[in-house]
file model_3.cif (mmCIF, C-alpha atoms)
data_target
loop_
_atom_site.group_PDB
_atom_site.id
_atom_site.type_symbol
_atom_site.label_atom_id
_atom_site.label_comp_id
_atom_site.auth_asym_id
_atom_site.auth_seq_id
_atom_site.Cartn_x
_atom_site.Cartn_y
_atom_site.Cartn_z
ATOM 1 C CA MET A 13 0.000 0.000 0.000
ATOM 2 C CA LEU A 14 2.836 2.397 0.879
ATOM 3 C CA ARG A 15 4.614 1.498 -2.366
ATOM 4 C CA ASN A 16 1.441 2.236 -4.332
ATOM 5 C CA PHE A 17 1.145 5.625 -2.580
ATOM 6 C CA PHE A 18 4.646 6.706 -3.586
ATOM 7 C CA GLN A 19 3.984 5.389 -7.086
ATOM 8 C CA HIS A 20 0.863 7.577 -7.245
ATOM 9 C CA VAL A 21 2.878 10.583 -6.022
ATOM 10 C CA LEU A 22 5.492 10.060 -8.744
ATOM 11 C CA GLU A 23 2.794 9.527 -11.357
ATOM 12 C CA SER A 24 1.017 12.741 -10.312
ATOM 13 C CA LEU A 25 4.283 14.716 -10.607
ATOM 14 C CA LYS A 26 4.984 13.211 -14.040
ATOM 15 C CA SER A 27 1.446 14.084 -15.103
ATOM 16 C CA LEU A 28 2.004 17.725 -14.147
ATOM 17 C CA ARG A 29 5.008 17.834 -16.491
ATOM 18 C CA ARG A 30 3.312 15.904 -19.318
ATOM 19 C CA ASN A 31 0.256 18.149 -19.318
ATOM 20 C CA GLY A 32 2.255 21.359 -19.420
ATOM 21 C CA TRP A 33 -0.228 23.964 -20.616
ATOM 22 C CA MET A 34 -3.193 22.390 -18.853
ATOM 23 C CA THR A 35 -1.157 22.380 -15.639
ATOM 24 C CA VAL A 36 -0.280 26.036 -16.149
ATOM 25 C CA SER A 37 -3.959 26.814 -16.748
ATOM 26 C CA SER A 38 -5.018 25.011 -13.569
ATOM 27 C CA VAL A 39 -2.286 26.625 -11.475
ATOM 28 C CA THR A 40 -3.262 30.050 -12.831
ATOM 29 C CA ALA A 41 -6.880 29.483 -11.803
ATOM 30 C CA VAL A 42 -5.766 28.516 -8.311
ATOM 31 C CA THR A 43 -3.388 31.489 -8.088
ATOM 32 C CA VAL A 44 -6.008 34.059 -9.074
ATOM 33 C CA THR A 45 -8.629 32.533 -6.784
ATOM 34 C CA LEU A 46 -6.324 32.306 -3.759
ATOM 35 C CA ALA A 47 -5.025 35.836 -4.336
ATOM 36 C CA LEU A 48 -8.598 37.147 -4.215
ATOM 37 C CA LEU A 49 -9.461 34.955 -1.244
ATOM 38 C CA GLY A 50 -6.283 36.000 0.604
ATOM 39 C CA ALA A 51 -6.947 39.704 0.043
ATOM 40 C CA PHE A 52 -10.548 39.247 1.148
ATOM 41 C CA LEU A 53 -9.545 37.395 4.329
ATOM 42 C CA VAL A 54 -6.887 39.991 5.220
ATOM 43 C CA ILE A 55 -9.445 42.794 4.882
ATOM 44 C CA ILE A 56 -12.136 40.925 6.825
ATOM 45 C CA LEU A 57 -9.860 39.837 9.697
ATOM 46 C CA ASN A 58 -8.415 43.322 10.119
ATOM 47 C CA THR A 59 -11.865 44.906 9.903
ATOM 48 C CA VAL A 60 -13.021 42.612 12.696
ATOM 49 C CA LYS A 61 -9.875 43.508 14.684
ATOM 50 C CA LEU A 62 -10.530 47.245 14.286
ATOM 51 C CA ALA A 63 -14.181 46.783 15.224
ATOM 52 C CA GLN A 64 -13.088 44.941 18.371
ATOM 53 C CA ASP A 65 -10.662 47.764 19.182
ATOM 54 C CA MET A 66 -13.514 50.227 18.805
ATOM 55 C CA GLU A 67 -15.702 48.113 21.068
ATOM 56 C CA ASN A 68 -12.979 47.928 23.704
ATOM 57 C CA ASN A 69 -12.428 51.702 23.566
ATOM 58 C CA VAL A 70 -16.054 52.547 24.359
ATOM 59 C CA GLU A 71 -16.189 54.385 27.698
ATOM 60 C CA VAL A 72 -18.983 55.639 29.948
ATOM 61 C CA SER A 73 -18.683 59.332 30.794
ATOM 62 C CA VAL A 74 -20.276 60.068 34.176
ATOM 63 C CA TYR A 75 -20.702 63.843 34.602
ATOM 64 C CA VAL A 76 -20.719 65.089 38.186
ATOM 65 C CA ASN A 77 -23.180 67.694 39.478
ATOM 66 C CA TYR A 78 -21.741 71.213 39.974
ATOM 67 C CA GLU A 79 -22.450 71.335 43.711
ATOM 68 C CA THR A 80 -20.780 67.983 44.508
ATOM 69 C CA ASP A 81 -17.883 68.386 46.988
ATOM 70 C CA GLU A 82 -14.709 66.280 47.246
ATOM 71 C CA ASP A 83 -16.086 63.856 49.841
ATOM 72 C CA GLU A 84 -19.176 63.266 47.747
ATOM 73 C CA LYS A 85 -17.010 62.642 44.662
ATOM 74 C CA LYS A 86 -15.138 59.970 46.623
ATOM 75 C CA GLU A 87 -18.456 58.415 47.615
ATOM 76 C CA LEU A 88 -19.629 58.519 43.998
ATOM 77 C CA ARG A 89 -16.424 56.845 42.844
ATOM 78 C CA ASN A 90 -16.924 54.067 45.407
ATOM 79 C CA ASN A 91 -20.504 53.602 44.221
ATOM 80 C CA LEU A 92 -19.356 53.388 40.608
ATOM 81 C CA GLU A 93 -16.704 50.804 41.506
ATOM 82 C CA GLU A 94 -19.426 48.605 43.014
ATOM 83 C CA ILE A 95 -21.304 48.394 39.696
ATOM 84 C CA PRO A 96 -20.834 44.892 38.185
ATOM 85 C CA HIS A 97 -18.364 44.559 35.295
ATOM 86 C CA VAL A 98 -16.617 47.896 35.935
ATOM 87 C CA GLU A 99 -12.954 47.377 35.071
ATOM 88 C CA SER A 100 -11.427 50.810 35.780
ATOM 89 C CA ILE A 101 -12.365 54.394 36.632
ATOM 90 C CA ASP A 102 -10.431 57.580 35.843
ATOM 91 C CA PHE A 103 -11.254 61.080 36.998
ATOM 92 C CA SER A 104 -11.016 64.161 34.773
ATOM 93 C CA SER A 105 -11.597 67.575 36.325
ATOM 94 C CA LYS A 106 -13.511 70.270 34.498
ATOM 95 C CA ASP A 107 -10.232 72.124 33.924
ATOM 96 C CA GLU A 108 -8.705 69.040 32.303
ATOM 97 C CA GLU A 109 -11.815 68.650 30.182
ATOM 98 C CA LEU A 110 -11.537 72.280 29.102
ATOM 99 C CA ALA A 111 -7.875 71.826 28.165
ATOM 100 C CA ARG A 112 -8.781 68.765 26.102
ATOM 101 C CA VAL A 113 -11.577 70.620 24.282
ATOM 102 C CA GLN A 114 -9.316 73.601 23.623
ATOM 103 C CA ALA A 115 -6.642 71.279 22.219
ATOM 104 C CA SER A 116 -9.235 69.939 19.781
ATOM 105 C CA TYR A 117 -11.054 73.165 18.844
ATOM 106 C CA GLY A 118 -8.452 75.860 19.506
ATOM 107 C CA ASP A 119 -9.318 79.514 20.074
ATOM 108 C CA SER A 120 -13.027 78.970 19.524
ATOM 109 C CA TRP A 121 -13.144 77.670 23.114
ATOM 110 C CA ASP A 122 -11.205 80.545 24.719
ATOM 111 C CA LEU A 123 -13.332 81.635 27.715
ATOM 112 C CA PHE A 124 -11.656 85.072 28.199
ATOM 113 C CA ASP A 125 -11.642 84.762 32.020
ATOM 114 C CA GLN A 126 -15.230 83.505 32.150
ATOM 115 C CA ASP A 127 -16.185 80.635 34.450
ATOM 116 C CA ASN A 128 -15.556 77.153 33.096
ATOM 117 C CA PRO A 129 -19.000 75.759 32.122
ATOM 118 C CA LEU A 130 -17.846 72.140 31.912
ATOM 119 C CA LEU A 131 -18.354 69.426 34.539
ATOM 120 C CA ASP A 132 -16.014 67.077 36.337
ATOM 121 C CA VAL A 133 -16.292 63.599 34.828
ATOM 122 C CA PHE A 134 -15.523 60.011 35.767
ATOM 123 C CA ILE A 135 -14.411 57.867 32.809
ATOM 124 C CA VAL A 136 -15.672 54.325 33.416
ATOM 125 C CA ARG A 137 -14.469 51.316 31.417
ATOM 126 C CA ALA A 138 -16.252 47.974 31.340
ATOM 127 C CA ASP A 139 -14.526 44.588 31.398
ATOM 128 C CA ASP A 140 -16.698 43.636 28.401
ATOM 129 C CA PRO A 141 -18.263 46.055 25.881
ATOM 130 C CA GLN A 142 -21.657 44.352 26.145
ATOM 131 C CA TYR A 143 -22.077 45.715 29.709
ATOM 132 C CA VAL A 144 -21.525 49.384 28.795
ATOM 133 C CA GLU A 145 -25.254 50.101 28.523
ATOM 134 C CA ASP A 146 -25.992 48.453 31.897
ATOM 135 C CA ILE A 147 -23.247 50.485 33.586
ATOM 136 C CA THR A 148 -24.641 53.682 32.040
ATOM 137 C CA GLU A 149 -28.115 52.929 33.387
ATOM 138 C CA GLU A 150 -26.725 52.214 36.875
ATOM 139 C CA ALA A 151 -24.734 55.464 36.850
ATOM 140 C CA ASN A 152 -27.732 57.489 35.692
ATOM 141 C CA GLY A 153 -29.623 56.122 38.692
ATOM 142 C CA MET A 154 -27.213 57.904 41.066
ATOM 143 C CA THR A 155 -29.070 61.193 40.619
ATOM 144 C CA GLU A 156 -27.822 62.710 43.895
ATOM 145 C CA TYR A 157 -24.322 63.205 42.434
ATOM 146 C CA VAL A 158 -24.650 62.454 38.724
ATOM 147 C CA HIS A 159 -25.748 65.078 36.222
ATOM 148 C CA ASP A 160 -25.687 62.660 33.291
ATOM 149 C CA ALA A 161 -24.014 59.443 32.148
ATOM 150 C CA SER A 162 -23.567 58.437 28.508
ATOM 151 C CA TYR A 163 -21.361 56.373 26.241
ATOM 152 C CA GLY A 164 -22.170 57.868 22.831
ATOM 153 C CA GLU A 165 -25.058 55.482 22.314
ATOM 154 C CA ASP A 166 -25.700 56.119 18.635
ATOM 155 C CA LEU A 167 -22.054 55.791 17.572
ATOM 156 C CA SER A 168 -21.369 52.819 19.862
ATOM 157 C CA ASP A 169 -24.470 50.955 18.711
ATOM 158 C CA ARG A 170 -23.382 51.475 15.097
ATOM 159 C CA ILE A 171 -19.907 50.181 15.940
ATOM 160 C CA PHE A 172 -21.328 47.070 17.634
ATOM 161 C CA SER A 173 -23.656 46.515 14.673
ATOM 162 C CA ILE A 174 -20.818 46.914 12.153
ATOM 163 C CA ALA A 175 -18.636 44.489 14.108
ATOM 164 C CA GLN A 176 -21.377 41.858 14.166
ATOM 165 C CA ARG A 177 -22.214 42.278 10.474
ATOM 166 C CA THR A 178 -18.533 42.106 9.553
ATOM 167 C CA ARG A 179 -18.123 38.795 11.351
ATOM 168 C CA THR A 180 -21.255 37.331 9.777
ATOM 169 C CA TRP A 181 -20.753 38.554 6.207
ATOM 170 C CA GLY A 182 -17.025 37.882 6.385
ATOM 171 C CA LEU A 183 -17.714 34.217 7.126
ATOM 172 C CA ILE A 184 -20.357 34.006 4.391
ATOM 173 C CA GLY A 185 -18.096 35.761 1.873
ATOM 174 C CA SER A 186 -15.169 33.449 2.622
ATOM 175 C CA ILE A 187 -17.349 30.369 2.150
ATOM 176 C CA VAL A 188 -18.702 31.719 -1.152
ATOM 177 C CA LEU A 189 -15.175 32.399 -2.446
ATOM 178 C CA ILE A 190 -14.029 28.891 -1.513
ATOM 179 C CA ILE A 191 -17.027 27.362 -3.297
ATOM 180 C CA VAL A 192 -16.298 29.475 -6.379
ATOM 181 C CA ALA A 193 -12.650 28.393 -6.217
ATOM 182 C CA ILE A 194 -13.603 24.709 -6.114
ATOM 183 C CA PHE A 195 -15.950 25.222 -9.070
ATOM 184 C CA LEU A 196 -13.285 26.969 -11.158
ATOM 185 C CA ILE A 197 -10.598 24.422 -10.366
ATOM 186 C CA SER A 198 -13.011 21.534 -10.925
ATOM 187 C CA ASN A 199 -13.800 22.775 -14.414
ATOM 188 C CA THR A 200 -10.146 23.413 -15.208
ATOM 189 C CA ILE A 201 -9.016 19.982 -14.034
ATOM 190 C CA ARG A 202 -11.916 18.398 -15.895
ATOM 191 C CA MET A 203 -10.253 19.479 -19.144
ATOM 192 C CA THR A 204 -7.057 17.732 -18.039
ATOM 193 C CA ILE A 205 -8.975 14.554 -17.314
ATOM 194 C CA LEU A 206 -10.810 14.622 -20.636
ATOM 195 C CA THR A 207 -7.526 14.950 -22.541
ATOM 196 C CA ARG A 208 -6.346 11.738 -20.851
ATOM 197 C CA LYS A 209 -9.465 9.706 -21.513
ATOM 198 C CA GLN A 210 -7.603 7.176 -23.619
ATOM 199 C CA GLU A 211 -4.966 6.692 -20.923
ATOM 200 C CA ILE A 212 -7.687 6.010 -18.333
ATOM 201 C CA GLN A 213 -9.438 3.513 -20.619
ATOM 202 C CA VAL A 214 -6.176 1.606 -21.072
ATOM 203 C CA MET A 215 -5.686 1.504 -17.288
ATOM 204 C CA ARG A 216 -9.178 0.048 -16.877
ATOM 205 C CA LEU A 217 -8.587 -2.538 -19.589
ATOM 206 C CA VAL A 218 -5.495 -3.846 -17.788
ATOM 207 C CA GLY A 219 -7.508 -4.283 -14.594
ATOM 208 C CA ALA A 220 -6.775 -1.127 -12.612
ATOM 209 C CA LYS A 221 -9.353 -0.508 -9.893
ATOM 210 C CA ASN A 222 -11.267 2.745 -9.632
ATOM 211 C CA GLY A 223 -9.364 3.830 -6.507
ATOM 212 C CA TYR A 224 -6.021 3.189 -8.189
ATOM 213 C CA ILE A 225 -7.079 5.391 -11.130
ATOM 214 C CA ARG A 226 -8.435 8.168 -8.912
ATOM 215 C CA TRP A 227 -5.362 8.606 -6.675
ATOM 216 C CA PRO A 228 -2.968 10.188 -9.220
ATOM 217 C CA PHE A 229 -5.632 12.710 -10.248
ATOM 218 C CA PHE A 230 -6.459 13.456 -6.618
ATOM 219 C CA LEU A 231 -2.795 14.039 -5.795
ATOM 220 C CA GLU A 232 -2.326 16.047 -8.989
ATOM 221 C CA GLY A 233 -5.106 18.381 -7.876
ATOM 222 C CA GLY A 234 -3.340 18.758 -4.523
ATOM 223 C CA TRP A 235 -0.021 19.622 -6.229
ATOM 224 C CA ILE A 236 -1.783 22.169 -8.436
ATOM 225 C CA GLY A 237 -3.366 23.762 -5.369
ATOM 226 C CA LEU A 238 -0.054 23.890 -3.496
ATOM 227 C CA ILE A 239 1.881 25.369 -6.442
ATOM 228 C CA GLY A 240 -0.929 27.843 -7.097
ATOM 229 C CA SER A 241 -0.717 29.093 -3.486
ATOM 230 C CA ILE A 242 2.944 30.175 -3.731
ATOM 231 C CA ILE A 243 2.432 33.498 -5.520
ATOM 232 C CA PRO A 244 -0.585 34.543 -3.363
ATOM 233 C CA ILE A 245 1.444 33.787 -0.214
ATOM 234 C CA ILE A 246 4.361 35.925 -1.431
ATOM 235 C CA LEU A 247 2.037 38.757 -2.477
ATOM 236 C CA MET A 248 0.170 38.618 0.830
ATOM 237 C CA TYR A 249 3.405 38.578 2.855
ATOM 238 C CA THR A 250 5.079 41.516 1.093
ATOM 239 C CA GLY A 251 1.882 43.507 0.551
ATOM 240 C CA TYR A 252 0.647 43.187 4.131
ATOM 241 C CA ASN A 253 4.023 44.243 5.558
ATOM 242 C CA LYS A 254 3.942 47.400 3.422
ATOM 243 C CA VAL A 255 0.340 48.221 4.372
ATOM 244 C CA TYR A 256 1.124 47.655 8.059
ATOM 245 C CA GLU A 257 4.135 50.000 7.930
ATOM 246 C CA LEU A 258 2.063 52.739 6.274
ATOM 247 C CA VAL A 259 -1.291 52.442 8.041
ATOM 248 C CA ASN A 260 -0.620 51.166 11.560
ATOM 249 C CA PRO A 261 1.275 54.249 12.860
ATOM 250 C CA ILE A 262 -1.760 56.362 11.934
ATOM 251 C CA LEU A 263 -4.178 53.986 13.674
ATOM 252 C CA GLU A 264 -2.054 53.802 16.832
ATOM 253 C CA ARG A 265 -2.715 57.492 17.483
ATOM 254 C CA SER A 266 -6.330 56.502 18.191
ATOM 255 C CA ASN A 267 -5.454 53.342 20.168
ATOM 256 C CA PHE A 268 -6.272 51.075 17.218
ATOM 257 C CA SER A 269 -3.980 48.668 15.396
ATOM 258 C CA LEU A 270 -3.877 46.128 12.587
ATOM 259 C CA LEU A 271 -3.010 42.499 13.241
ATOM 260 C CA GLN A 272 0.727 42.037 13.879
ATOM 261 C CA PRO A 273 2.447 40.876 10.649
ATOM 262 C CA GLY A 274 4.729 38.215 12.183
ATOM 263 C CA SER A 275 2.421 35.424 13.324
ATOM 264 C CA PHE A 276 -0.413 36.680 11.095
ATOM 265 C CA ASN A 277 1.664 36.252 7.919
ATOM 266 C CA TRP A 278 2.696 32.722 8.878
ATOM 267 C CA GLN A 279 -0.849 31.733 9.765
ATOM 268 C CA MET A 280 -2.272 33.245 6.583
ATOM 269 C CA GLY A 281 0.455 31.615 4.474
ATOM 270 C CA LEU A 282 -0.236 28.209 5.995
ATOM 271 C CA LEU A 283 -3.984 28.727 5.615
ATOM 272 C CA LEU A 284 -3.679 29.640 1.912
ATOM 273 C CA ALA A 285 -1.442 26.615 1.276
ATOM 274 C CA VAL A 286 -3.913 24.278 3.018
ATOM 275 C CA ILE A 287 -6.891 25.837 1.225
ATOM 276 C CA GLY A 288 -5.051 25.502 -2.097
ATOM 277 C CA ILE A 289 -4.339 21.794 -1.506
ATOM 278 C CA VAL A 290 -7.881 21.113 -0.312
ATOM 279 C CA ILE A 291 -9.720 22.920 -3.112
ATOM 280 C CA GLY A 292 -7.338 21.439 -5.710
ATOM 281 C CA SER A 293 -7.948 17.918 -4.422
ATOM 282 C CA VAL A 294 -11.681 18.424 -3.937
ATOM 283 C CA GLY A 295 -12.003 20.048 -7.367
ATOM 284 C CA SER A 296 -10.204 17.083 -8.912
ATOM 285 C CA ALA A 297 -12.413 14.629 -7.018
ATOM 286 C CA PHE A 298 -15.564 16.398 -8.224
ATOM 287 C CA SER A 299 -14.336 16.262 -11.812
ATOM 288 C CA MET A 300 -13.612 12.548 -11.533
ATOM 289 C CA ARG A 301 -17.014 11.798 -10.030
ATOM 290 C CA ARG A 302 -19.033 13.950 -12.418
ATOM 291 C CA PHE A 303 -17.296 13.328 -15.727
ATOM 292 C CA LEU A 304 -15.550 9.949 -15.532
ATOM 293 C CA LYS A 305 -18.489 8.154 -13.901
ATOM 294 C CA PHE A 306 -16.353 5.882 -11.718
#
call {"tool": "encode", "arguments": {"input": "model_3.cif", "output": "structure tokens"}}
result
Amino acid sequence: MLRNFFQHVLESLKSLRRNGWMTVSSVTAVTVTLALLGAFLVIILNTVKLAQDMENNVEVSVYVNYETDEDEKKELRNNLEEIPHVESIDFSSKDEELARVQASYGDSWDLFDQDNPLLDVFIVRADDPQYVEDITEEANGMTEYVHDASYGEDLSDRIFSIAQRTRTWGLIGSIVLIIVAIFLISNTIRMTILTRKQEIQVMRLVGAKNGYIRWPFFLEGGWIGLIGSIIPIILMYTGYNKVYELVNPILERSNFSLLQPGSFNWQMGLLLAVIGIVIGSVGSAFSMRRFLKF
């Protein structure tokens, strides 16, 4: 059995060389498909990563009443810390808030010695973004010290919705691309099989079993998939490194980041190679079943 396996491997490699242009055609189909699939997966995975970063950066702003003294602020902080799923709390005085607004809007927020109209604020972070709304409701219930509590509901809800849709449609899109890839490769390999119809008939005449005939084609599809994955892997590796160098420094200013190239490139490269082998082999198997009627 082991000897037959190695014989099939050698036969599949010889077949790649014998069917030169058909092999090139099949490899090209795999290359184009995997390049599109790789680009799509890189975009989807990084979009999900950015959406998660946005989720994790959502904060509850708890604005303190004007008349609240220092002891009452300490009591309010203790009350906020007792809310379930609160991870951390930072305090920003109204003067710090004014400085931040002035840094963003410049001279348009110059008060010209007028009283600062802003409020002191506690910045509350949740240990999980899904609890932000609950924390906001709890904080708004502390009416004795709290003027208002909010987390930018409209924007945050849109972010959560985008993140969920990205995960769902990303999975669906990846599956659709893989199915399309199998279809394209199946049709391409079918042409290879049809050109070798006479060879297959001779093998059957001399008593070769169906499994013995299938194996070289199955392995040939795997080789085509593996060879076709080389260029997409190289393009993905070099292209993603360049994009990371250009884009990530800009994102880091807002506490966002793309996926780190090191492990991500290796994982994506391995994934594309495996997908190439699988869809090449599966495409070949479909062609054998549908057109050779074994």
call {"tool": "resolve_selection", "arguments": {"input": "model_3.cif", "expression": "the PyMOL selection byres ((chain A and resi 85) around 10)", "output": "count of residues only"}}
result
19
call {"tool": "residues_around", "arguments": {"input": "model_3.cif", "residues": "segment 236-242 of chain A", "least_positions_apart": "5", "cutoff": "9 Å", "atoms": "only C-alpha atoms", "output": "PyMOL selection string"}}
result
chain A and resi 28+35-36+38-44+46-47+197+231+247+281+284-293
call {"tool": "resolve_selection", "arguments": {"input": "model_3.cif", "expression": "the PyMOL selection byres ((chain A and resi 159) around 9)", "output": "list in words"}}
result
Val74, Tyr75, Val76, Asn77, Tyr78, Leu131, Asn152, Met154, Thr155, Glu156, Tyr157, Val158, Asp160 and Ala161 of chain A
call {"tool": "closest_residue", "arguments": {"input": "model_3.cif", "among": "A:Phe195, A:Phe229, A:Tyr143, A:Tyr252", "to": "Tyr163 of chain A", "atoms": "only C-alpha atoms"}}
result
A:Tyr143
call {"tool": "resolve_selection", "arguments": {"input": "model_3.cif", "expression": "the PyMOL selection byres ((chain A and resi 253-258) around 10)", "output": "number ranges by chain"}}
result
A: 247-252, 259-263, 269-274, 277
call {"tool": "write_last_selection", "arguments": {"input": "model_3.cif", "atoms": "C-alpha atoms", "output": "PDB file, keeping the file's coordinate frame"}}
result
ATOM      1  CA  LEU A 247       2.037  38.757  -2.477  1.00  0.00           C
ATOM      2  CA  MET A 248       0.170  38.618   0.830  1.00  0.00           C
ATOM      3  CA  TYR A 249       3.405  38.578   2.855  1.00  0.00           C
ATOM      4  CA  THR A 250       5.079  41.516   1.093  1.00  0.00           C
ATOM      5  CA  GLY A 251       1.882  43.507   0.551  1.00  0.00           C
ATOM      6  CA  TYR A 252       0.647  43.187   4.131  1.00  0.00           C
ATOM      7  CA  VAL A 259      -1.291  52.442   8.041  1.00  0.00           C
ATOM      8  CA  ASN A 260      -0.620  51.166  11.560  1.00  0.00           C
ATOM      9  CA  PRO A 261       1.275  54.249  12.860  1.00  0.00           C
ATOM     10  CA  ILE A 262      -1.760  56.362  11.934  1.00  0.00           C
ATOM     11  CA  LEU A 263      -4.178  53.986  13.674  1.00  0.00           C
ATOM     12  CA  SER A 269      -3.980  48.668  15.396  1.00  0.00           C
ATOM     13  CA  LEU A 270      -3.877  46.128  12.587  1.00  0.00           C
ATOM     14  CA  LEU A 271      -3.010  42.499  13.241  1.00  0.00           C
ATOM     15  CA  GLN A 272       0.727  42.037  13.879  1.00  0.00           C
ATOM     16  CA  PRO A 273       2.447  40.876  10.649  1.00  0.00           C
ATOM     17  CA  GLY A 274       4.729  38.215  12.183  1.00  0.00           C
ATOM     18  CA  ASN A 277       1.664  36.252   7.919  1.00  0.00           C
TER      19      ASN A 277
END
call {"tool": "closest_residue", "arguments": {"input": "model_3.cif", "among": "A:Leu92, A:Leu189, A:Met280, A:Val136", "to": "Ser104 of chain A", "atoms": "all atoms listed in the file"}}
result
A:Val136
call {"tool": "axis_aligned_box", "arguments": {"input": "model_3.cif", "around": "segment 237-247 of chain A", "padding_each_side": "4 Å", "output": "lines of an AutoDock Vina configuration file"}}
result
center_x = 0.5
center_y = 31.3
center_z = -3.7
size_x = 15.7
size_y = 23.0
size_z = 14.9
call {"tool": "atom_distance", "arguments": {"input": "model_3.cif", "atom1": "atom CA of Leu110 of chain A", "atom2": "atom CA of Leu130 of chain A"}}
result
6.9 Å
